[in-house]
$ cat data.txt   # compact mmCIF, C-alpha atoms (C1' of nucleotides)
# COMPACT_ATOMS: atom_id res chain seq x y z
CA MET A 1 -109.50 -160.81 120.31
CA MET A 2 -106.71 -161.56 117.94
CA ALA A 3 -103.06 -160.65 117.98
CA MET A 4 -102.79 -157.23 116.34
CA LYS A 5 -99.49 -157.11 114.53
CA SER A 6 -98.87 -153.55 113.42
CA THR A 7 -97.68 -153.76 109.86
CA ARG A 8 -97.03 -150.89 107.48
CA ILE A 9 -100.36 -151.46 105.74
CA VAL A 10 -102.24 -151.58 109.05
CA LYS A 11 -100.65 -148.28 109.93
CA GLU A 12 -101.80 -146.73 106.68
CA ILE A 13 -105.34 -147.93 107.31
CA LYS A 14 -105.30 -146.29 110.73
CA ASP A 15 -103.78 -143.09 109.41
CA ARG A 16 -106.64 -142.77 106.98
CA GLY A 17 -109.17 -143.09 109.77
CA PHE A 18 -110.42 -146.55 108.84
CA LYS A 19 -111.06 -149.00 111.64
CA ILE A 20 -108.76 -151.93 112.15
CA THR A 21 -111.12 -154.86 112.00
CA PRO A 22 -110.02 -158.49 112.17
CA GLN A 23 -110.83 -158.81 108.46
CA ARG A 24 -108.74 -155.83 107.43
CA GLN A 25 -105.97 -156.95 109.74
CA LEU A 26 -105.88 -160.34 108.05
CA VAL A 27 -105.94 -158.96 104.51
CA ALA A 28 -103.18 -156.54 105.47
CA GLU A 29 -101.09 -159.33 106.97
CA ALA A 30 -101.62 -161.55 103.95
CA LEU A 31 -100.30 -158.77 101.72
CA GLU A 32 -97.49 -157.41 103.85
CA GLY A 33 -94.20 -158.35 102.23
CA ASN A 34 -96.00 -160.64 99.81
CA LYS A 35 -94.02 -160.98 96.58
CA THR A 36 -96.42 -163.35 94.83
CA HIS A 37 -98.77 -160.73 93.37
CA PRO A 38 -101.87 -162.56 94.59
CA THR A 39 -105.32 -162.34 93.06
CA VAL A 40 -108.51 -161.77 95.02
CA GLU A 41 -109.08 -165.50 95.06
CA ASP A 42 -105.57 -166.18 96.37
CA LEU A 43 -106.09 -163.74 99.21
CA TYR A 44 -109.56 -165.02 99.94
CA LYS A 45 -108.28 -168.58 100.31
CA GLU A 46 -105.37 -167.42 102.44
CA VAL A 47 -107.45 -165.33 104.80
CA ALA A 48 -110.26 -167.88 104.96
CA LYS A 49 -107.85 -170.34 106.58
CA ILE A 50 -107.94 -168.16 109.67
CA ALA A 51 -111.36 -166.53 109.32
CA PRO A 52 -113.51 -169.06 107.46
CA THR A 53 -116.65 -166.90 107.56
CA ILE A 54 -115.14 -163.95 105.74
CA SER A 55 -116.85 -163.14 102.46
CA VAL A 56 -115.31 -162.38 99.09
CA ALA A 57 -117.14 -159.07 99.05
CA THR A 58 -115.23 -157.99 102.13
CA ILE A 59 -111.96 -158.91 100.45
CA TYR A 60 -112.92 -156.86 97.40
CA LYS A 61 -114.00 -153.90 99.51
CA THR A 62 -110.85 -154.00 101.59
CA LEU A 63 -108.59 -154.27 98.57
CA ASN A 64 -110.33 -151.38 96.84
CA GLU A 65 -109.88 -149.27 99.97
CA LEU A 66 -106.22 -150.17 100.21
CA VAL A 67 -105.66 -149.24 96.58
CA GLU A 68 -107.54 -145.97 97.05
CA ILE A 69 -105.43 -144.91 99.99
CA GLY A 70 -102.31 -145.93 98.12
CA ALA A 71 -101.24 -148.61 100.59
CA ILE A 72 -101.02 -151.23 97.84
CA GLN A 73 -101.21 -151.22 94.07
CA ARG A 74 -103.36 -153.03 91.57
CA LEU A 75 -101.59 -154.81 88.78
CA ASP A 76 -103.18 -155.78 85.49
CA VAL A 77 -101.07 -158.13 83.45
CA GLY A 78 -103.59 -159.31 80.89
CA ASP A 79 -105.06 -162.42 82.48
CA ARG A 80 -108.27 -160.56 83.23
CA LYS A 81 -107.75 -160.88 86.98
CA ALA A 82 -106.61 -158.11 89.28
CA HIS A 83 -103.35 -158.80 91.07
CA PHE A 84 -102.23 -156.89 94.14
CA ASP A 85 -98.80 -155.73 95.15
CA PRO A 86 -97.97 -154.30 98.57
CA ASP A 87 -94.80 -152.81 97.13
CA THR A 88 -95.68 -149.33 95.93
CA THR A 89 -92.11 -148.21 95.33
CA PRO A 90 -90.99 -147.86 91.70
CA HIS A 91 -90.30 -151.26 90.23
CA ASN A 92 -91.37 -153.27 87.23
CA HIS A 93 -92.83 -156.68 86.51
CA PHE A 94 -92.10 -159.64 84.31
CA VAL A 95 -94.95 -161.95 83.35
CA CYS A 96 -94.20 -165.46 82.18
CA LEU A 97 -96.42 -166.28 79.23
CA ARG A 98 -96.29 -169.97 80.00
CA CYS A 99 -96.73 -170.33 83.76
CA GLY A 100 -98.21 -166.94 84.48
CA THR A 101 -95.86 -166.17 87.34
CA ILE A 102 -95.28 -162.49 87.95
CA TYR A 103 -91.74 -161.53 88.96
CA ASP A 104 -90.52 -158.25 90.37
CA ILE A 105 -87.93 -156.51 88.24
CA PRO A 106 -85.89 -153.85 89.97
CA GLU A 107 -86.09 -150.45 88.37
CA THR A 108 -83.22 -149.72 86.06
CA GLY A 109 -83.35 -145.97 86.39
CA LYS A 110 -83.72 -145.67 82.64
CA VAL A 111 -86.99 -147.46 82.31
CA ASN A 112 -88.66 -145.78 85.23
CA GLU A 113 -87.74 -142.34 84.10
CA ILE A 114 -90.89 -140.45 83.33
CA PRO A 115 -90.51 -138.44 80.17
CA GLU A 116 -91.72 -134.86 80.02
CA LEU A 117 -95.00 -135.10 78.25
CA PRO A 118 -96.15 -131.58 77.46
CA ASP A 119 -99.89 -132.21 77.44
CA PHE A 120 -100.00 -134.62 80.35
CA LYS A 121 -99.51 -134.60 84.08
CA VAL A 122 -97.87 -137.97 84.67
CA LEU A 123 -98.34 -139.36 88.17
CA ARG A 124 -96.90 -142.83 87.83
CA SER A 125 -95.82 -145.38 85.29
CA GLN A 126 -95.76 -149.11 85.02
CA THR A 127 -93.70 -151.32 82.77
CA ILE A 128 -94.51 -154.96 82.22
CA TYR A 129 -92.19 -157.35 80.40
CA TYR A 130 -93.61 -160.46 78.77
CA GLY A 131 -91.71 -163.59 77.92
CA TYR A 132 -90.56 -166.84 79.45
CA CYS A 133 -89.03 -167.32 82.86
CA LYS A 134 -86.09 -169.54 83.71
CA LYS A 135 -88.30 -172.51 84.59
CA CYS A 136 -90.26 -172.26 81.35
CA LYS A 137 -87.82 -171.19 78.68
CA GLY A 138 -85.91 -174.49 78.61
CA MET B 139 -121.17 -159.15 48.42
CA MET B 140 -119.47 -156.26 50.11
CA ALA B 141 -116.57 -154.07 49.12
CA MET B 142 -113.43 -155.88 50.20
CA LYS B 143 -110.92 -153.28 51.17
CA SER B 144 -107.60 -154.99 51.65
CA THR B 145 -106.14 -153.59 54.80
CA ARG B 146 -102.98 -154.69 56.60
CA ILE B 147 -105.02 -156.65 59.13
CA VAL B 148 -107.06 -158.36 56.42
CA LYS B 149 -103.81 -159.36 54.79
CA GLU B 150 -102.53 -160.88 58.01
CA ILE B 151 -105.74 -162.85 58.40
CA LYS B 152 -105.32 -164.25 54.88
CA ASP B 153 -101.64 -165.01 55.41
CA ARG B 154 -102.53 -167.15 58.39
CA GLY B 155 -104.99 -169.15 56.35
CA PHE B 156 -108.15 -167.79 57.97
CA LYS B 157 -111.06 -166.99 55.72
CA ILE B 158 -112.02 -163.42 55.04
CA THR B 159 -115.63 -163.32 56.08
CA PRO B 160 -117.76 -160.17 56.10
CA GLN B 161 -117.58 -160.17 59.91
CA ARG B 162 -113.81 -160.39 60.04
CA GLN B 163 -113.56 -157.82 57.29
CA LEU B 164 -115.65 -155.38 59.31
CA VAL B 165 -113.78 -155.93 62.55
CA ALA B 166 -110.51 -155.50 60.69
CA GLU B 167 -111.72 -152.29 59.07
CA ALA B 168 -112.98 -150.94 62.38
CA LEU B 169 -109.53 -151.48 63.86
CA GLU B 170 -107.31 -150.45 60.96
CA GLY B 171 -105.65 -147.18 61.83
CA ASN B 172 -107.89 -146.79 64.87
CA LYS B 173 -106.13 -144.72 67.53
CA THR B 174 -108.96 -144.82 70.09
CA HIS B 175 -108.03 -148.12 71.75
CA PRO B 176 -111.58 -149.45 71.56
CA THR B 177 -113.13 -152.04 73.84
CA VAL B 178 -115.11 -155.04 72.64
CA GLU B 179 -118.29 -153.08 73.21
CA ASP B 180 -117.02 -150.12 71.19
CA LEU B 181 -116.18 -152.39 68.29
CA TYR B 182 -119.44 -154.29 68.57
CA LYS B 183 -121.45 -151.06 68.33
CA GLU B 184 -119.34 -149.84 65.46
CA VAL B 185 -119.60 -153.01 63.42
CA ALA B 186 -123.27 -153.52 64.27
CA LYS B 187 -124.08 -150.29 62.43
CA ILE B 188 -123.24 -152.10 59.21
CA ALA B 189 -123.98 -155.70 60.18
CA PRO B 190 -126.74 -155.53 62.80
CA THR B 191 -127.02 -159.29 63.18
CA ILE B 192 -123.42 -159.84 64.20
CA SER B 193 -123.03 -161.30 67.67
CA VAL B 194 -120.68 -160.25 70.45
CA ALA B 195 -119.29 -163.76 70.53
CA THR B 196 -118.06 -163.33 66.97
CA ILE B 197 -116.37 -160.07 67.92
CA TYR B 198 -114.64 -161.79 70.83
CA LYS B 199 -113.58 -164.73 68.70
CA THR B 200 -112.26 -162.51 65.95
CA LEU B 201 -110.36 -160.29 68.35
CA ASN B 202 -108.80 -163.26 70.09
CA GLU B 203 -107.70 -164.62 66.74
CA LEU B 204 -106.22 -161.30 65.71
CA VAL B 205 -104.28 -161.08 68.96
CA GLU B 206 -103.04 -164.65 68.57
CA ILE B 207 -101.69 -164.07 65.09
CA GLY B 208 -100.12 -160.84 66.26
CA ALA B 209 -102.11 -158.59 63.95
CA ILE B 210 -103.29 -156.42 66.84
CA GLN B 211 -102.49 -156.16 70.52
CA ARG B 212 -104.54 -156.36 73.67
CA LEU B 213 -104.13 -153.56 76.13
CA ASP B 214 -105.02 -153.78 79.80
CA VAL B 215 -105.02 -150.45 81.54
CA GLY B 216 -106.82 -151.31 84.77
CA ASP B 217 -110.45 -150.59 83.95
CA ARG B 218 -111.20 -154.30 83.78
CA LYS B 219 -112.02 -154.12 80.09
CA ALA B 220 -109.79 -155.29 77.27
CA HIS B 221 -108.77 -152.58 74.84
CA PHE B 222 -107.41 -153.28 71.39
CA ASP B 223 -104.70 -151.54 69.44
CA PRO B 224 -103.96 -152.22 65.78
CA ASP B 225 -100.54 -150.62 66.21
CA THR B 226 -98.15 -153.40 67.18
CA THR B 227 -95.00 -151.35 66.74
CA PRO B 228 -93.17 -150.33 69.94
CA HIS B 229 -94.97 -147.45 71.58
CA ASN B 230 -96.39 -146.64 74.97
CA HIS B 231 -99.68 -145.47 76.42
CA PHE B 232 -100.94 -142.78 78.70
CA VAL B 233 -104.18 -143.34 80.59
CA CYS B 234 -106.11 -140.38 81.96
CA LEU B 235 -107.34 -141.21 85.43
CA ARG B 236 -110.24 -138.82 85.09
CA CYS B 237 -111.70 -139.35 81.62
CA GLY B 238 -110.21 -142.75 80.89
CA THR B 239 -108.91 -141.76 77.47
CA ILE B 240 -105.91 -143.75 76.31
CA TYR B 241 -103.29 -141.81 74.37
CA ASP B 242 -100.40 -143.15 72.33
CA ILE B 243 -97.00 -142.07 73.55
CA PRO B 244 -94.17 -142.44 71.07
CA GLU B 245 -91.33 -144.58 72.28
CA THR B 246 -88.49 -142.63 73.74
CA GLY B 247 -85.81 -145.17 73.02
CA LYS B 248 -84.90 -145.25 76.67
CA VAL B 249 -88.17 -146.52 78.00
CA ASN B 250 -88.61 -149.22 75.42
CA GLU B 251 -85.15 -150.55 75.87
CA ILE B 252 -85.39 -154.07 77.14
CA PRO B 253 -82.87 -154.70 79.87
CA GLU B 254 -80.82 -157.87 79.92
CA LEU B 255 -82.59 -160.02 82.45
CA PRO B 256 -80.41 -163.09 83.02
CA ASP B 257 -83.15 -165.48 84.07
CA PHE B 258 -85.76 -164.36 81.58
CA LYS B 259 -86.35 -164.44 77.88
CA VAL B 260 -88.05 -161.10 77.29
CA LEU B 261 -90.22 -160.97 74.19
CA ARG B 262 -91.90 -157.61 74.56
CA SER B 263 -92.58 -154.85 77.01
CA GLN B 264 -95.34 -152.41 77.66
CA THR B 265 -95.22 -149.16 79.59
CA ILE B 266 -98.34 -147.38 80.75
CA TYR B 267 -98.32 -143.90 82.22
CA TYR B 268 -101.12 -142.78 84.50
CA GLY B 269 -102.13 -139.21 85.23
CA TYR B 270 -104.28 -136.44 83.86
CA CYS B 271 -104.54 -135.34 80.26
CA LYS B 272 -104.65 -131.78 79.00
CA LYS B 273 -108.45 -131.65 79.04
CA CYS B 274 -108.66 -132.96 82.59
CA LYS B 275 -105.71 -131.48 84.45
CA GLY B 276 -107.06 -127.90 84.43
C1' DA C 277 -119.22 -183.40 51.25
C1' DT C 278 -116.27 -181.26 54.18
C1' DC C 279 -114.42 -177.91 56.80
C1' DT C 280 -114.84 -173.43 58.74
C1' DC C 281 -117.36 -169.84 60.67
C1' DT C 282 -121.45 -167.51 62.70
C1' DG C 283 -125.20 -166.60 65.86
C1' DC C 284 -127.66 -167.66 69.72
C1' DA C 285 -128.05 -168.78 74.19
C1' DA C 286 -126.21 -170.53 78.20
C1' DA C 287 -122.39 -170.71 81.21
C1' DA C 288 -118.50 -169.09 83.52
C1' DA C 289 -115.66 -165.83 85.70
C1' DA C 290 -114.82 -161.45 87.94
C1' DT C 291 -116.52 -157.73 90.40
C1' DT C 292 -120.04 -154.67 92.50
C1' DT C 293 -124.11 -153.54 95.09
C1' DG C 294 -128.07 -153.44 98.52
C1' DC C 295 -129.44 -154.36 102.71
C1' DA C 296 -130.10 -156.20 107.39
C1' DC C 297 -127.50 -157.15 111.12
C1' DA C 298 -123.20 -157.03 114.13
C1' DA C 299 -119.56 -154.49 116.54
C1' DG C 300 -117.51 -150.81 118.81
C1' DG C 301 -116.88 -146.38 120.34
C1' DC D 302 -127.34 -144.72 119.90
C1' DC D 303 -124.80 -143.81 115.78
C1' DT D 304 -121.58 -144.85 112.65
C1' DT D 305 -118.95 -148.05 110.31
C1' DG D 306 -118.07 -152.55 108.64
C1' DT D 307 -119.45 -157.41 107.56
C1' DG D 308 -121.78 -161.20 105.30
C1' DC D 309 -124.93 -162.87 102.28
C1' DA D 310 -127.22 -162.98 98.15
C1' DA D 311 -128.44 -160.94 94.07
C1' DA D 312 -127.12 -158.25 90.29
C1' DT D 313 -123.76 -156.53 86.82
C1' DT D 314 -120.20 -156.89 83.77
C1' DT D 315 -116.95 -159.15 80.95
C1' DT D 316 -115.66 -163.11 78.53
C1' DT D 317 -115.98 -167.98 77.03
C1' DT D 318 -118.20 -172.12 75.33
C1' DG D 319 -121.32 -175.55 72.98
C1' DC D 320 -123.87 -176.49 69.39
C1' DA D 321 -126.90 -176.35 65.31
C1' DG D 322 -127.14 -174.37 61.13
C1' DA D 323 -125.15 -171.36 57.23
C1' DG D 324 -121.52 -170.58 53.86
C1' DA D 325 -117.79 -171.44 51.08
C1' DT D 326 -114.63 -174.35 48.57
$ encode --input "data.txt" --output "structure tokens"
Amino acid sequence: MMAMKSTRIVKEIKDRGFKITPQRQLVAEALEGNKTHPTVEDLYKEVAKIAPTISVATIYKTLNELVEIGAIQRLDVGDRKAHFDPDTTPHNHFVCLRCGTIYDIPETGKVNEIPELPDFKVLRSQTIYYGYCKKCKG
Amino acid sequence: MMAMKSTRIVKEIKDRGFKITPQRQLVAEALEGNKTHPTVEDLYKEVAKIAPTISVATIYKTLNELVEIGAIQRLDVGDRKAHFDPDTTPHNHFVCLRCGTIYDIPETGKVNEIPELPDFKVLRSQTIYYGYCKKCKG
DNA sequence: ATCTCTGCAAAAAATTTGCACAAGG
DNA sequence: CCTTGTGCAAATTTTTTGCAGAGAT
């Protein structure tokens, strides 16, 4: 039996009636508070340190569940890999075109305002800025 | 020899010193003024009607070139397929979560404003709205 | 001739699926 | 037991790459 830290994500898994398995626990812990916007591979490597027999398929399944229940969000920045963000509150992202790092950008109020679009029911929005970060623009 | 319509995209290909081949001409024509945000497959099918021997690899190569020279833009909306948009002027997109249709949303001024981010050199931004379109929200 | 571009096929990368078995109520 | 979840492997899907030959100056 492993130590069962009860994180926010773990709680959301429970609330939705999913079982807390060691695998889900580890994926949840790897994501909780994680600001690096990891890919599936990143998370797989991270979790595999502790549970070396876990399979990538389980990571994919778990992540898809977490996205479906709204515990985390998927982030597509154009590198053809899914990134995952445990922060589901309104905020934006900056992607460095040179090093690929994804930074959180606090919402400005203006940008995150959802305009009234007569023919659409808008549920959420997502703004991505592209450019060069401090490390790379020099 | 085919009819060589000189579209904006064709012009940008020329200006960059690339040759205007029948394949590039057809991909350019398929994109010019296209508001449907087609995928590679969409474009392949479209172009293959006229040039049945064209290969998907050529479509990919052409599209990547066009994106690199800034003649068109790549659009990632979360369905794990690249979409392409010949409109490179500032505007946003709405993605219907039910039918997957991508709609153009005119810029509001507010949303497309790029905030001053001290540690970043912002080159462009991209806002995507998610929800249900008129056809699907009923 | 030379340089570029295309088509084919193979490879690579990312993600999903099917199924037998394990785990836990 | 019965349901749910895992791991493995295979299958799918999307995209890239290598190379020989075609085409255009």
$ atom_distance --input "data.txt" --atom1 "atom CA of B:Lys183" --atom2 "atom C1' of D:DT316"
16.8 Å
$ residues_around --input "data.txt" --residues "stretch 319-322 of chain D" --least-positions-apart "2" --cutoff "12 Å" --atoms "only C-alpha atoms (C1' of nucleotides)" --output "CSV table (one decimal) with C-alpha atoms (C1' of nucleotides), in the coordinates of the input"
chain,number,residue,atom,x,y,z
C,281,DC,C1',-117.4,-169.8,60.7
C,282,DT,C1',-121.4,-167.5,62.7
C,283,DG,C1',-125.2,-166.6,65.9
C,284,DC,C1',-127.7,-167.7,69.7
C,285,DA,C1',-128.0,-168.8,74.2
C,286,DA,C1',-126.2,-170.5,78.2
C,287,DA,C1',-122.4,-170.7,81.2
D,317,DT,C1',-116.0,-168.0,77.0
D,324,DG,C1',-121.5,-170.6,53.9
$ residues_around --input "data.txt" --residues "A:Asn34" --least-positions-apart "2" --cutoff "12 Å" --atoms "only C-alpha atoms (C1' of nucleotides)" --output "PyMOL selection string"
chain A and resi 9+27-32+36-39+42-43+46+72+83-88+103-104
$ residues_around --input "data.txt" --residues "stretch 291-297 of chain C" --least-positions-apart "5" --cutoff "9 Å" --atoms "all atoms listed in the file" --output "ChimeraX atom specification"
/A:57,60 /D:307,311-314
$ closest_residue --input "data.txt" --among "A:Ser6, A:Gln126, A:Ile13, A:Lys49" --to "A:Val67" --atoms "only C-alpha atoms"
A:Ile13
$ atom_distance --input "data.txt" --atom1 "atom CA of A:Leu75" --atom2 "atom C1' of C:DA289"
18.1 Å
$ atom_distance --input "data.txt" --atom1 "atom CA of A:Asp15" --atom2 "atom CA of A:Gly70"
11.7 Å
$ residues_around --input "data.txt" --residues "D:DG306" --least-positions-apart "5" --cutoff "10 Å" --atoms "only C-alpha atoms (C1' of nucleotides)" --output "list in words"
Phe18, Lys19, Ile20, Thr21, Gln23, Arg24 and Thr58 of chain A; DA298 and DA299 of chain C
$ interface_residues --input "data.txt" --of "chain A" --to "chain B" --cutoff "7 Å" --atoms "only C-alpha atoms" --output "list of chain:residue names"
A:Asp76, A:Val77, A:Gly78, A:Arg80, A:Lys110, A:Val111, A:Asp119, A:Phe120, A:Lys121, A:Val122, A:Leu123, A:Arg124, A:Ser125, A:Gln126, A:Thr127, A:Ile128, A:Tyr129, A:Tyr130, A:Gly131, A:Tyr132, A:Cys133, A:Lys134, A:Lys137
$ write_last_selection --input "data.txt" --atoms "C-alpha atoms" --output "mmCIF file, keeping the file's coordinate frame"
data_model
loop_
_atom_site.group_PDB
_atom_site.id
_atom_site.type_symbol
_atom_site.label_atom_id
_atom_site.label_comp_id
_atom_site.auth_asym_id
_atom_site.auth_seq_id
_atom_site.Cartn_x
_atom_site.Cartn_y
_atom_site.Cartn_z
ATOM 1 C CA ASP A 76 -103.180 -155.780 85.490
ATOM 2 C CA VAL A 77 -101.070 -158.130 83.450
ATOM 3 C CA GLY A 78 -103.590 -159.310 80.890
ATOM 4 C CA ARG A 80 -108.270 -160.560 83.230
ATOM 5 C CA LYS A 110 -83.720 -145.670 82.640
ATOM 6 C CA VAL A 111 -86.990 -147.460 82.310
ATOM 7 C CA ASP A 119 -99.890 -132.210 77.440
ATOM 8 C CA PHE A 120 -100.000 -134.620 80.350
ATOM 9 C CA LYS A 121 -99.510 -134.600 84.080
ATOM 10 C CA VAL A 122 -97.870 -137.970 84.670
ATOM 11 C CA LEU A 123 -98.340 -139.360 88.170
ATOM 12 C CA ARG A 124 -96.900 -142.830 87.830
ATOM 13 C CA SER A 125 -95.820 -145.380 85.290
ATOM 14 C CA GLN A 126 -95.760 -149.110 85.020
ATOM 15 C CA THR A 127 -93.700 -151.320 82.770
ATOM 16 C CA ILE A 128 -94.510 -154.960 82.220
ATOM 17 C CA TYR A 129 -92.190 -157.350 80.400
ATOM 18 C CA TYR A 130 -93.610 -160.460 78.770
ATOM 19 C CA GLY A 131 -91.710 -163.590 77.920
ATOM 20 C CA TYR A 132 -90.560 -166.840 79.450
ATOM 21 C CA CYS A 133 -89.030 -167.320 82.860
ATOM 22 C CA LYS A 134 -86.090 -169.540 83.710
ATOM 23 C CA LYS A 137 -87.820 -171.190 78.680
#
$ closest_residue --input "data.txt" --among "B:Val148, B:His229, B:Lys173, B:Ile188" --to "B:Thr200" --atoms "only C-alpha atoms"
B:Val148
$ closest_residue --input "data.txt" --among "A:Gly33, A:Val56, A:Arg8, A:Lys14" --to "chain C" --atoms "all atoms listed in the file"
A:Val56
$ residues_around --input "data.txt" --residues "C:DG301" --least-positions-apart "3" --cutoff "12 Å" --atoms "all atoms listed in the file" --output "list in words"
Lys19 of chain A; DC302, DC303, DT304 and DT305 of chain D
$ closest_residue --input "data.txt" --among "B:Ile197, B:Val178, B:Val185, B:Leu164" --to "chain C" --atoms "only C-alpha atoms (C1' of nucleotides)"
B:Ile197
